[in-house]
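Participant: Sharing a structure, written as structure tokens. Questions coming.
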Amino acid sequence: MNTGLFFQVYVFITLIFSGTAQYFTEVQAFLWLPFIMTMGMVALLPLLTRYNFKPLDHLEISILILFLGFFCLALIPSIIQVGIKATIVGIKNGIGISLLLPCLFLGFCRESQLYRICQKLYWVFYAQIPLVLYQFIVVVPARVAAQGPMDKFDSVVGTFGGSMIAGGNGASMGLFCLLIMLMKVSEFKNGATTLFSATVHVVIGLSICTLAEVKFAILLAPIFFLYVYVSSSYIKEVRVISTKTILFLFLGAVILLLIIIVVSTLTYATQYQANMGVFDMFLDSTKYIFDPTLVVAGLDGNLDELGRLTALYFWGQHSDAHGIVSQLFGYGLNSSNAGGADPGFLAKHFNLGLGSTAIAIFLWEIGLIGTALLILVVYLIFKYSKPQPYFSVKDLSVADIKLLSYQSAFRAFIIVGFITLPYSPLLALIPVFQFQFYFALGAILIIRKATLTKLETYYA
């Protein structure tokens, strides 16, 4: 079986078909498709013939053991405390897509197939443009006319799913655009694309994020453009960035950041903020993030939800309600879920939505130990995947250079994923973002292994 083709179909179904179908039909069952495709990948893995597959090295063995520990520690308390049905839903929502990571570094895709998949991600990016324009021109005005200007937020979601009435996964789309921009900037840095191409992709990506109001991605973009540009490379001819250049790039990133703040703030200023200065408006629109006492009133019969910082304070005060064992190993998958017709038992017990951020959800559901294991897996991958100037450009094709250049972009995106943990529930609840995060982790390991194998050939 052509696993590369299977993965390309997986990308199409996860990032385009499932969300778009759910958005226009409002049939929630489409959102199970990414999970089903992941389970299909897991089922196919033992059946594959992996030609020239190198044995796992010490790092990969360590990551596999830690990952299996994390997954088992998430499953066992869940089955004991919330039952099989809630556990299956919890796997679908929370940790099922993470199985993509071991599938990738256990040989489901070779580096040549990974390159083709990365190129397909650009087409997913281009597919956002017509849908974003439709949603901004048609859906947003209709929603504002029906529900008022305060209900326009989160209306632009591209192909990532949601509701025309209640909004959806705009943040996941914005972070996907950030990933694409980072990939293109890294290509340019390594001489694999033109300045014009990189600029066009960055302008389109930032425009989409602005229309979708993904402030998180907008504010992080200049910082991580700079990070990618000053990162080390696998290509010897990519010159080391001088201190003067770093300062110049930093100044450019600051200017771009200020422009973004001004544009996004003026675009989405409320009537209440009309008499404020630009930066006062910006600070006023973000101060809720750091409020340790914030409780957001539930709408349409939903439970009240704890604010971002409040959720961590609340976990610290009440996580040992059933003893230290539950604090360490969690209360089970889906136990903190406040949505749907049947909320999790913790949400019912406290009569609150506990999961405003991914870190809060992980701490409640898989405990301190499970959360620490997941963070350790990600840390090890990041720590031991830093590119080193091993190869000369004359020995590489353009495709090779592009694939190697993506290492810096994927590493940057992993940091972005970490930053989302205390900010949003994306990594614990949203499959389309989980796919991006675990794909980046797996791709990092594939590129790392490909470079080590190539080095062995050089020095054999």
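Chain labels run A, B, ... following the order of the structure tokens; each chain numbers its residues from 1, and ligands are numbered from 1 in the order shown.
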List as number ranges by chain the protein and nucleic acid residues near Ser172 (chain A), meaning an atom at most 8 Å away when only C-alpha atoms are counted, but skip any in the same chain fewer than 5 places from it.

Facilitator: A: 160, 426, 430, 432-433

Participant: Hey, can you spit out that residue selection with all heavy atoms as a CSV table (one decimal), in the first residue's frame?

Facilitator:
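What follows is the written file selection12.csv:
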chain,number,residue,atom,x,y,z
A,160,PHE,N,-11.8,24.6,8.7
A,160,PHE,CA,-11.5,24.0,9.9
A,160,PHE,C,-12.7,23.7,10.8
A,160,PHE,O,-12.6,23.2,11.9
A,160,PHE,CB,-10.5,24.8,10.7
A,160,PHE,CG,-9.1,24.6,10.1
A,160,PHE,CD1,-8.7,25.3,8.9
A,160,PHE,CD2,-8.1,23.8,10.7
A,160,PHE,CE1,-7.5,25.1,8.4
A,160,PHE,CE2,-6.9,23.7,10.2
A,160,PHE,CZ,-6.5,24.3,9.0
A,426,LEU,N,-7.0,24.2,22.6
A,426,LEU,CA,-6.8,23.6,21.3
A,426,LEU,C,-6.1,22.2,21.4
A,426,LEU,O,-6.6,21.2,20.8
A,426,LEU,CB,-5.9,24.5,20.4
A,426,LEU,CG,-6.6,25.8,20.0
A,426,LEU,CD1,-5.6,26.7,19.3
A,426,LEU,CD2,-7.8,25.6,19.1
A,430,ILE,N,-9.2,20.0,20.2
A,430,ILE,CA,-9.5,20.3,18.8
A,430,ILE,C,-8.6,19.4,17.9
A,430,ILE,O,-7.4,19.6,17.7
A,430,ILE,CB,-9.3,21.7,18.5
A,430,ILE,CG1,-10.0,22.6,19.5
A,430,ILE,CG2,-9.7,22.1,17.0
A,430,ILE,CD1,-11.5,22.4,19.5
A,432,VAL,N,-8.2,19.2,14.7
A,432,VAL,CA,-7.5,19.8,13.5
A,432,VAL,C,-6.2,20.5,14.0
A,432,VAL,O,-5.2,20.5,13.2
A,432,VAL,CB,-8.4,20.8,12.8
A,432,VAL,CG1,-9.4,20.0,11.9
A,432,VAL,CG2,-9.1,21.7,13.7
A,433,PHE,N,-6.2,21.0,15.2
A,433,PHE,CA,-4.9,21.5,15.7
A,433,PHE,C,-4.0,20.4,16.2
A,433,PHE,O,-2.8,20.5,16.1
A,433,PHE,CB,-5.2,22.5,16.8
A,433,PHE,CG,-3.9,23.1,17.4
A,433,PHE,CD1,-3.1,24.0,16.6
A,433,PHE,CD2,-3.4,22.7,18.6
A,433,PHE,CE1,-1.9,24.5,17.1
A,433,PHE,CE2,-2.2,23.2,19.1
A,433,PHE,CZ,-1.5,24.1,18.3

Participant: Within 12 Å of Tyr384 (chain A), counting only C-alpha atoms, which residues qualify if same-chain residues fewer than 2 places away don't, as a VMD selection string?

Facilitator: chain A and resid 58 to 60 63 377 to 382 386 to 388 407 411 441 444 to 445 447 to 449 452

Participant: Which residue is closest to Phe362 (chain A)? Choose from A:Leu333, A:Ile446, A:Leu33, A:Ile255 and count only C-alpha atoms.

Facilitator: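 Smallest separation from Phe362 (chain A) among the options: A:Leu333.
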
Participant: Could you give me, as number ranges by chain, each residue of region 25-257 of chain A that DSSP assigns to helix (DSSP H, G or I) when run on this structure's backbone?

Facilitator: A: 25, 28-47, 58-108, 111-147, 149-151, 170-189, 195-211, 215-230, 243-257

Participant: Figure out the distance between CA of Ala347 (chain A) and CA of Leu309 (chain A), please, to one decimal in Å.

Facilitator: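 According to the coordinates, CA of Leu309 (chain A) and CA of Ala347 (chain A) are separated by 17.4 Å.
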
Participant: Quick check, in Å to one decimal: how far apart do CA of Ile36 (chain A) and CA of Pro55 (chain A) lie?

Facilitator: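 Straight-line distance from CA of Ile36 (chain A) to CA of Pro55 (chain A) works out to 28.3 Å.
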
Participant: Extract, using only C-alpha atoms, all DNA, RNA and protein residues at most 12 Å from Ile65 (chain A), discarding same-chain residues fewer than 6 positions from it, and format them as a ChimeraX atom specification.

Facilitator: /A:56,58-59,71-72,102,373-374,376-377

Participant: Now that the selection is made, can you save its residues with N, CA and C atoms as a PDB file, in the first residue's frame?

Facilitator:
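Saved to again32.pdb:
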ATOM      1  N   LEU A  56      15.410   1.739  15.664  1.00  0.00           N
ATOM      2  CA  LEU A  56      15.247   2.917  16.498  1.00  0.00           C
ATOM      3  C   LEU A  56      16.530   3.173  17.292  1.00  0.00           C
ATOM      4  N   HIS A  58      18.530   5.415  20.517  1.00  0.00           N
ATOM      5  CA  HIS A  58      18.212   5.562  21.938  1.00  0.00           C
ATOM      6  C   HIS A  58      17.158   6.634  22.183  1.00  0.00           C
ATOM      7  N   LEU A  59      17.237   7.731  21.436  1.00  0.00           N
ATOM      8  CA  LEU A  59      16.253   8.798  21.607  1.00  0.00           C
ATOM      9  C   LEU A  59      14.858   8.311  21.226  1.00  0.00           C
ATOM     10  N   PHE A  71       0.181   7.376  27.252  1.00  0.00           N
ATOM     11  CA  PHE A  71      -1.086   6.916  26.695  1.00  0.00           C
ATOM     12  C   PHE A  71      -1.776   5.928  27.640  1.00  0.00           C
ATOM     13  N   CYS A  72      -1.003   5.017  28.199  1.00  0.00           N
ATOM     14  CA  CYS A  72      -1.588   4.040  29.135  1.00  0.00           C
ATOM     15  C   CYS A  72      -2.092   4.711  30.409  1.00  0.00           C
ATOM     16  N   PRO A 102       3.852   8.372  17.080  1.00  0.00           N
ATOM     17  CA  PRO A 102       4.615   7.124  16.961  1.00  0.00           C
ATOM     18  C   PRO A 102       4.497   6.483  15.590  1.00  0.00           C
ATOM     19  N   LEU A 373       4.624  13.549  31.478  1.00  0.00           N
ATOM     20  CA  LEU A 373       5.159  12.633  30.461  1.00  0.00           C
ATOM     21  C   LEU A 373       4.991  13.205  29.056  1.00  0.00           C
ATOM     22  N   LEU A 374       3.829  13.792  28.786  1.00  0.00           N
ATOM     23  CA  LEU A 374       3.604  14.389  27.477  1.00  0.00           C
ATOM     24  C   LEU A 374       4.584  15.533  27.232  1.00  0.00           C
ATOM     25  N   LEU A 376       7.476  15.944  28.591  1.00  0.00           N
ATOM     26  CA  LEU A 376       8.821  15.386  28.468  1.00  0.00           C
ATOM     27  C   LEU A 376       9.066  14.837  27.066  1.00  0.00           C
ATOM     28  N   VAL A 377       8.074  14.171  26.485  1.00  0.00           N
ATOM     29  CA  VAL A 377       8.195  13.672  25.107  1.00  0.00           C
ATOM     30  C   VAL A 377       8.487  14.827  24.157  1.00  0.00           C
TER      31      VAL A 377
END

Participant: Between A:Leu404, A:Ala428, A:Met181, A:Ala321, single out the one closest to Ser392 (chain A), counting only C-alpha atoms.

Facilitator: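 Nearest candidate to Ser392 (chain A) out of A:Leu404, A:Ala428, A:Met181, A:Ala321: A:Leu404.
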
Participant: Pick the closest to Ser408 (chain A) from A:Leu312, A:Ile375, A:Ala358, A:Val230: which is it, counting only C-alpha atoms?

Facilitator: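 Closest to Ser408 (chain A), using only C-alpha atoms: A:Val230.
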
Participant: I want to know what sits within 12 Å of region 237-239 of chain A, based on only C-alpha atoms, with residues of the same chain fewer than 4 positions away left out; could you give that as an MDAnalysis selection string?

Facilitator: chainID A and resid 186:192 229:233 245 387:396 401 405

Participant: Fewer than 2 positions away in the same chain doesn't count, so skip those; otherwise give me all residues within 12 Å of Phe329 (chain A), counting only C-alpha atoms, as a PyMOL selection string.

Facilitator: chain A and resi 69-78+80-81+319-320+322-327+331-333+362-373

Participant: Find the residues of region 115-188 of chain A that sit at most 10 Å from region 198-207 of chain A; for each, write down the nearest two atoms and how far apart they are in Å, to one decimal. Count only C-alpha atoms. Sort by chain, then by number going up, and give it as JSON lines.

Facilitator:
{"residue": "A:Tyr122", "atom": "CA", "partner": "A:His201", "partner_atom": "CA", "distance": 9.5}
{"residue": "A:Phe125", "atom": "CA", "partner": "A:Gly205", "partner_atom": "CA", "distance": 8.4}
{"residue": "A:Tyr126", "atom": "CA", "partner": "A:Ile204", "partner_atom": "CA", "distance": 9.1}
{"residue": "A:Gln128", "atom": "CA", "partner": "A:Gly205", "partner_atom": "CA", "distance": 9.7}
{"residue": "A:Ile129", "atom": "CA", "partner": "A:Ile204", "partner_atom": "CA", "distance": 8.3}
{"residue": "A:Met173", "atom": "CA", "partner": "A:Gly205", "partner_atom": "CA", "distance": 9.9}
{"residue": "A:Gly174", "atom": "CA", "partner": "A:Gly205", "partner_atom": "CA", "distance": 7.9}
{"residue": "A:Leu175", "atom": "CA", "partner": "A:Gly205", "partner_atom": "CA", "distance": 9.5}
{"residue": "A:Phe176", "atom": "CA", "partner": "A:Gly205", "partner_atom": "CA", "distance": 9.0}
{"residue": "A:Cys177", "atom": "CA", "partner": "A:Gly205", "partner_atom": "CA", "distance": 5.2}
{"residue": "A:Leu178", "atom": "CA", "partner": "A:Gly205", "partner_atom": "CA", "distance": 6.8}
{"residue": "A:Leu179", "atom": "CA", "partner": "A:Gly205", "partner_atom": "CA", "distance": 9.4}
{"residue": "A:Ile180", "atom": "CA", "partner": "A:Gly205", "partner_atom": "CA", "distance": 7.8}
{"residue": "A:Met181", "atom": "CA", "partner": "A:Val202", "partner_atom": "CA", "distance": 5.4}
{"residue": "A:Leu182", "atom": "CA", "partner": "A:Val202", "partner_atom": "CA", "distance": 8.5}
{"residue": "A:Met183", "atom": "CA", "partner": "A:Ala198", "partner_atom": "CA", "distance": 9.1}
{"residue": "A:Lys184", "atom": "CA", "partner": "A:Ala198", "partner_atom": "CA", "distance": 5.4}
{"residue": "A:Val185", "atom": "CA", "partner": "A:Ala198", "partner_atom": "CA", "distance": 5.8}
{"residue": "A:Ser186", "atom": "CA", "partner": "A:Ala198", "partner_atom": "CA", "distance": 9.0}
{"residue": "A:Glu187", "atom": "CA", "partner": "A:Ala198", "partner_atom": "CA", "distance": 8.0}
{"residue": "A:Phe188", "atom": "CA", "partner": "A:Ala198", "partner_atom": "CA", "distance": 6.5}
